[in-house]
2 protein chains.
Amino acid sequence: MSVTAAQGFTAHGVAAGLKSTGAPDVAVVVNQGPSSAASAVFTSNRCKANPVLWSEKAIQTGSAVAVAINSGGANCYTGAEGFATTHRTAETVAEMLDIGAIDVQVCSTGLIGLLNDREALLSGVRAAVEGQSRDGGHTAATAIMTTDSVAKEAVVQADGFTVGGMAKGAGMLAPALATMLVVITTDADVDSATVDAALRSATARTFDRLDSDGCQSTNDTVLLMASGASGTTPDAATFTDAVTAVCHDLAMQLLADAEGADHEIAIEVVNAATVDDALEVGRSVARSNLFKCAIFGKDPNWGRILASVGTTRATFDPADLDVALNDVWVCRNSGPGESPDSIDLEARAVSVTIDLKSGDQSGTIWTNDLTQAYVHENSAYSS
Amino acid sequence: MSVTAAQGFTAHGVAAGLKSTGAPDVAVVVNQGPSSAASAVFTSNRCKANPVLWSEKAIQTGSAVAVAINSGGANCYTGAEGFATTHRTAETVAEMLDIGAIDVQVCSTGLIGLLNDREALLSGVRAAVEGQSRDGGHTAATAIMTTDSVAKEAVVQADGFTVGGMAKGAGMLAPALATMLVVITTDADVDSATVDAALRSATARTFDRLDSDGCQSTNDTVLLMASGASGTTPDAATFTDAVTAVCHDLAMQLLADAEGADHEIAIEVVNAATVDDALEVGRSVARSNLFKCAIFGKDPNWGRILASVGTTRATFDPADLDVALNDVWVCRNSGPGESPDSIDLEARAVSVTIDLKSGDQSGTIWTNDLTQAYVHENSAYSS
């Protein structure tokens, strides 16, 4: 049910013909209120897609009543024509719901540099709004898929309120944000400031720590809309925890469905001087193609981990680092430690632990291995 | 002839048994003088191999008489035992040549985290010093190879003096430095300060702009030794030009031999506000796995280029970027430009031009595509 699990939300997904396969490609999620508090975070890429340019302005009101999402075309680097398509999408939803265009968020995903067929898109938007229902969450989650192999949905039932969400994303997954579109809904009765703080806290600890392939998208959006329909106003910590749990669940689903990947790798950096140090070290390892190839090859090559750690500015003594693979401390004091012979890298889940011995902070970055299937999928994508 | 092309240098390479294949794995290059001015630049990785820890101290004298290099083991993350092996290597050469150990540079390459067999190494060093000759350049260049498919050598004959060099490196090629060992020799009669300035200028414009796979090594060393044997003292600019020419030649040989690569890609960034901006933008594209996969797939996917440009802090207007692939301006003003249909990406050489329209500076980064062969080679390397 995902985005329609919380009270006060309707959704639907339809096939508008944007995808050459004829699969569903347009979704809407509508907040029936009584509240419409909302917040969104967007890609930090400076080359942003048209829907991001629109939505980041529109969300400044702290409110959103609906979101229209299309797959089958990112509407990115498409100039004024592309921006007009985004604007018409918002206007079309607004006219049908008798709200302002500024109350409508717009997201797009798919190939960059190609104009979407505007009439097909608007026709799909109209059909999606007409078909919206309380049980439309799954059809919406399906319509936003691109190379995803499965729809990604999550629900957390908290004390008196519900948080649900859907996500798409399978490649170009890098922090701030991963390539993803995420819509989260809640029936908690919370104001815009609470929604915003909870969303920023949750994404910083989940999606921002996902780095599948180091490539940052132009279209990333995570939207949180609150209907207030439950009548429950949780305290900020409880609300943030529930939103974070949904974000974490969706982030792990994105990781597990990353293009061509054979392994999900959690890189935990412990005893760092600061959380930022831990994350910088984790990201450097997550971006090492050599390390990622080694995991694909089931090779416990800890030297490639240390070589990546050495490229960072974090506080540590280069001669005194410990590294574990699947809890076997193969590197002690920057030299060989326990034998790697007992390490079994057959399972998809791999853990790397790096002890910086420089403080008491920690952080985890999640990544995937680099496989021949990833290269194949991403060398053939647009052809 | 490479490192023995310039007057005053002898060299040799031998098989010491460090490589399981029995291929040559130990080389020496000796400066017979009369001068011994020298300089070296090393990896900026903070986790440095033992030979780098030794050599960066020893070169502070501004002088070097010999360099001993082994392949078959990087002597990195091998602790005090590993450092003692490096020190004994320098002492062994010094004893045979009746010089100080501090006059001997040491380089190692191969797998990280494994101790080299010290006795085998020292025995090889002794054999290499004994066999040194004026025509030993090529055997030395062969003995430093790891996954290189060819020995890499270059010579520039300048007005009254010669610069020659050899290099190894085929993976882990990233700036500052790429994974490489390079020895350059010259018979110009120049002092240490001139040698140092020329080397730093040359590497900043060549090896530092090579980014094959984004992975920075722990062992990189570029050493320049001057014998003064020609009796010619060129002006600084002429000398720097000759050293730069040799470095450029060797850098392009490294690029062409990168592990598994199908394409050599030159990313030129023009009309940048600063050279640093140009290089930052070029590096960001060179590190985009999605872009590199696209080139492997012969897909002129310029959207992935813009998405990488957008991750940088360089000065530009995100709505006004032009991008050319093989001189076809497929992106104008951050939107579709000329049709990419005429672009032929069959040839190994690919050019990307990015116009930032923000100044008059430019810079080029060289990289390779990301192939299934790269993944295969680097997932199977240590097994």
# chains A, B, ... in the order shown; residues from 1 in each chain; ligands from 1

call {"tool": "residues_around", "arguments": {"residues": "segment 38-54 of chain A", "least_positions_apart": "2", "cutoff": "6 Å", "atoms": "only C-alpha atoms", "output": "PyMOL selection string"}}
result
(chain A and resi 56-57+62-64+76+83+86+106-107+176-177+192+196+218-225) or (chain B and resi 310-311+318)

call {"tool": "write_last_selection", "arguments": {"atoms": "N, CA, C and O atoms", "output": "mmCIF file, in the first residue's frame"}}
result
data_model
loop_
_atom_site.group_PDB
_atom_site.id
_atom_site.type_symbol
_atom_site.label_atom_id
_atom_site.label_comp_id
_atom_site.auth_asym_id
_atom_site.auth_seq_id
_atom_site.Cartn_x
_atom_site.Cartn_y
_atom_site.Cartn_z
ATOM 1 N N GLU A 56 11.649 22.604 -6.412
ATOM 2 C CA GLU A 56 12.374 23.228 -5.300
ATOM 3 C C GLU A 56 11.882 24.654 -5.045
ATOM 4 O O GLU A 56 11.976 25.151 -3.929
ATOM 5 N N LYS A 57 11.331 25.281 -6.048
ATOM 6 C CA LYS A 57 10.682 26.582 -5.824
ATOM 7 C C LYS A 57 9.327 26.388 -5.158
ATOM 8 O O LYS A 57 8.975 27.059 -4.183
ATOM 9 N N GLY A 62 6.198 25.291 2.043
ATOM 10 C CA GLY A 62 6.044 24.354 3.156
ATOM 11 C C GLY A 62 4.812 23.490 3.021
ATOM 12 O O GLY A 62 4.361 22.866 3.995
ATOM 13 N N SER A 63 4.274 23.453 1.829
ATOM 14 C CA SER A 63 3.009 22.756 1.607
ATOM 15 C C SER A 63 3.007 22.105 0.233
ATOM 16 O O SER A 63 3.606 22.630 -0.717
ATOM 17 N N ALA A 64 2.350 20.940 0.134
ATOM 18 C CA ALA A 64 2.143 20.307 -1.174
ATOM 19 C C ALA A 64 0.900 19.448 -1.076
ATOM 20 O O ALA A 64 0.711 18.729 -0.094
ATOM 21 N N CYS A 76 15.452 16.415 -18.457
ATOM 22 C CA CYS A 76 16.668 17.067 -17.958
ATOM 23 C C CYS A 76 17.492 17.524 -19.152
ATOM 24 O O CYS A 76 17.657 16.755 -20.117
ATOM 25 N N PHE A 83 10.967 22.816 -19.452
ATOM 26 C CA PHE A 83 10.410 23.447 -18.250
ATOM 27 C C PHE A 83 8.910 23.701 -18.429
ATOM 28 O O PHE A 83 8.121 23.524 -17.501
ATOM 29 N N THR A 86 7.026 20.600 -17.604
ATOM 30 C CA THR A 86 6.871 20.440 -16.154
ATOM 31 C C THR A 86 5.777 21.363 -15.622
ATOM 32 O O THR A 86 4.920 20.956 -14.830
ATOM 33 N N VAL A 106 6.471 18.008 -8.961
ATOM 34 C CA VAL A 106 6.636 17.229 -10.189
ATOM 35 C C VAL A 106 7.985 16.519 -10.151
ATOM 36 O O VAL A 106 9.000 17.136 -9.776
ATOM 37 N N CYS A 107 7.998 15.244 -10.513
ATOM 38 C CA CYS A 107 9.239 14.463 -10.602
ATOM 39 C C CYS A 107 9.259 13.724 -11.933
ATOM 40 O O CYS A 107 8.213 13.277 -12.409
ATOM 41 N N ALA A 176 23.538 12.372 -1.686
ATOM 42 C CA ALA A 176 23.078 13.753 -1.826
ATOM 43 C C ALA A 176 22.542 14.014 -3.211
ATOM 44 O O ALA A 176 22.994 14.904 -3.876
ATOM 45 N N LEU A 177 21.654 13.260 -3.613
ATOM 46 C CA LEU A 177 21.079 12.003 -3.145
ATOM 47 C C LEU A 177 21.544 10.890 -4.075
ATOM 48 O O LEU A 177 22.225 11.130 -5.032
ATOM 49 N N SER A 192 4.842 22.180 9.086
ATOM 50 C CA SER A 192 5.871 22.152 8.038
ATOM 51 C C SER A 192 7.274 22.069 8.611
ATOM 52 O O SER A 192 8.134 21.366 8.073
ATOM 53 N N ASP A 196 9.873 19.139 7.802
ATOM 54 C CA ASP A 196 11.167 19.466 7.176
ATOM 55 C C ASP A 196 12.335 18.923 7.999
ATOM 56 O O ASP A 196 13.264 18.314 7.458
ATOM 57 N N THR A 218 20.585 13.951 -11.606
ATOM 58 C CA THR A 218 20.117 15.318 -11.828
ATOM 59 C C THR A 218 18.669 15.484 -11.401
ATOM 60 O O THR A 218 18.136 16.592 -11.450
ATOM 61 N N ASN A 219 18.004 14.396 -11.017
ATOM 62 C CA ASN A 219 16.558 14.416 -10.810
ATOM 63 C C ASN A 219 16.107 14.008 -9.418
ATOM 64 O O ASN A 219 14.913 13.997 -9.139
ATOM 65 N N ASP A 220 17.059 13.685 -8.550
ATOM 66 C CA ASP A 220 16.710 13.112 -7.249
ATOM 67 C C ASP A 220 15.766 13.997 -6.456
ATOM 68 O O ASP A 220 15.997 15.196 -6.289
ATOM 69 N N THR A 221 14.745 13.371 -5.927
ATOM 70 C CA THR A 221 13.788 14.068 -5.087
ATOM 71 C C THR A 221 13.285 13.112 -4.012
ATOM 72 O O THR A 221 12.944 11.964 -4.315
ATOM 73 N N VAL A 222 13.249 13.575 -2.780
ATOM 74 C CA VAL A 222 12.570 12.852 -1.703
ATOM 75 C C VAL A 222 11.544 13.805 -1.117
ATOM 76 O O VAL A 222 11.899 14.872 -0.586
ATOM 77 N N LEU A 223 10.287 13.432 -1.238
ATOM 78 C CA LEU A 223 9.171 14.292 -0.835
ATOM 79 C C LEU A 223 8.444 13.653 0.337
ATOM 80 O O LEU A 223 8.165 12.460 0.304
ATOM 81 N N LEU A 224 8.159 14.436 1.353
ATOM 82 C CA LEU A 224 7.372 13.964 2.497
ATOM 83 C C LEU A 224 6.134 14.836 2.634
ATOM 84 O O LEU A 224 6.247 16.064 2.755
ATOM 85 N N MET A 225 4.969 14.210 2.588
ATOM 86 C CA MET A 225 3.713 14.945 2.701
ATOM 87 C C MET A 225 2.943 14.429 3.917
ATOM 88 O O MET A 225 2.838 13.221 4.117
ATOM 89 N N GLY B 310 27.985 18.830 -13.184
ATOM 90 C CA GLY B 310 27.152 19.444 -12.151
ATOM 91 C C GLY B 310 27.560 19.118 -10.730
ATOM 92 O O GLY B 310 27.096 19.759 -9.792
ATOM 93 N N THR B 311 28.428 18.116 -10.550
ATOM 94 C CA THR B 311 28.866 17.773 -9.194
ATOM 95 C C THR B 311 30.051 18.608 -8.730
ATOM 96 O O THR B 311 30.496 18.460 -7.600
ATOM 97 N N PRO B 318 24.820 26.488 -15.097
ATOM 98 C CA PRO B 318 24.314 25.145 -15.421
ATOM 99 C C PRO B 318 23.384 25.127 -16.638
ATOM 100 O O PRO B 318 23.221 24.086 -17.263
#

call {"tool": "select_by_dssp", "arguments": {"residues": "segment 177-228 of chain A", "states": "strand (DSSP E or B)", "output": "MDAnalysis selection string"}}
result
chainID A and resid 181:186 210 221:226

call {"tool": "interface_residues", "arguments": {"of": "chain B", "to": "chain A", "cutoff": "8 Å", "atoms": "only C-alpha atoms", "output": "ChimeraX atom specification"}}
result
/B:44-48,77-79,112-114,172,213-218,288-290,293-299,301-304,306-312,318-319,334-336,370-373,375-376,378-380,382-383

call {"tool": "residues_around", "arguments": {"residues": "Thr186 of chain A", "least_positions_apart": "4", "cutoff": "6 Å", "atoms": "only C-alpha atoms", "output": "count of residues only"}}
result
4

call {"tool": "atom_distance", "arguments": {"atom1": "atom CA of Ala314 of chain B", "atom2": "atom CA of Asp277 of chain B"}}
result
4.9 Å

call {"tool": "residues_around", "arguments": {"residues": "Ala197 of chain A", "least_positions_apart": "6", "cutoff": "10 Å", "atoms": "only C-alpha atoms", "output": "JSON, numbers by chain"}}
result
{"A": [39, 236, 239, 240]}

call {"tool": "write_last_selection", "arguments": {"atoms": "C-alpha atoms", "output": "CSV table (one decimal), in the first residue's frame"}}
result
chain,number,residue,atom,x,y,z
A,39,SER,CA,9.0,19.2,2.6
A,236,ALA,CA,9.5,15.3,17.0
A,239,PHE,CA,8.1,11.3,14.2
A,240,THR,CA,11.6,11.5,13.0

call {"tool": "atom_distance", "arguments": {"atom1": "atom CA of Met180 of chain A", "atom2": "atom CA of Glu153 of chain A"}}
result
13.0 Å

call {"tool": "residues_around", "arguments": {"residues": "Asp276 of chain B", "least_positions_apart": "5", "cutoff": "12 Å", "atoms": "only C-alpha atoms", "output": "number ranges by chain"}}
result
B: 204-205, 209, 269-271, 281-283, 312-315, 361-365

call {"tool": "residues_around", "arguments": {"residues": "Thr353 of chain A", "least_positions_apart": "3", "cutoff": "7 Å", "atoms": "only C-alpha atoms", "output": "list in words"}}
result
Ile267, Glu268, Val269, Val323, Ala324 and Leu325 of chain A

call {"tool": "write_last_selection", "arguments": {"atoms": "N, CA and C atoms", "output": "short mmCIF file (atom, residue, chain, number, x, y, z; two decimals), in the first residue's frame"}}
result
data_model
loop_
_atom_site.label_atom_id
_atom_site.label_comp_id
_atom_site.auth_asym_id
_atom_site.auth_seq_id
_atom_site.Cartn_x
_atom_site.Cartn_y
_atom_site.Cartn_z
N ILE A 267 29.94 -0.46 4.68
CA ILE A 267 31.28 -0.05 5.10
C ILE A 267 31.12 0.78 6.37
N GLU A 268 31.45 0.17 7.50
CA GLU A 268 31.30 0.86 8.78
C GLU A 268 32.67 1.36 9.24
N VAL A 269 32.74 2.64 9.52
CA VAL A 269 33.99 3.23 9.99
C VAL A 269 33.80 3.58 11.46
N VAL A 323 41.42 -3.28 9.80
CA VAL A 323 40.33 -3.50 8.83
C VAL A 323 39.80 -4.93 8.98
N ALA A 324 38.49 -5.03 9.04
CA ALA A 324 37.85 -6.35 9.06
C ALA A 324 36.96 -6.52 7.84
N LEU A 325 36.94 -7.74 7.32
CA LEU A 325 36.01 -8.13 6.26
C LEU A 325 35.14 -9.23 6.84
#

call {"tool": "atom_distance", "arguments": {"atom1": "atom CA of Asp189 of chain B", "atom2": "atom CA of Pro34 of chain B"}}
result
9.0 Å

call {"tool": "residues_around", "arguments": {"residues": "Gly33 of chain B", "least_positions_apart": "3", "cutoff": "10 Å", "atoms": "only C-alpha atoms", "output": "number ranges by chain"}}
result
B: 7-9, 30, 36-37, 65, 187, 189, 225-229

call {"tool": "select_by_dssp", "arguments": {"residues": "segment 81-271 of chain A", "states": "alpha helix (DSSP H)", "output": "VMD selection string"}}
result
chain A and resid 81 to 97 118 to 130 137 to 143 192 to 205 236 to 256
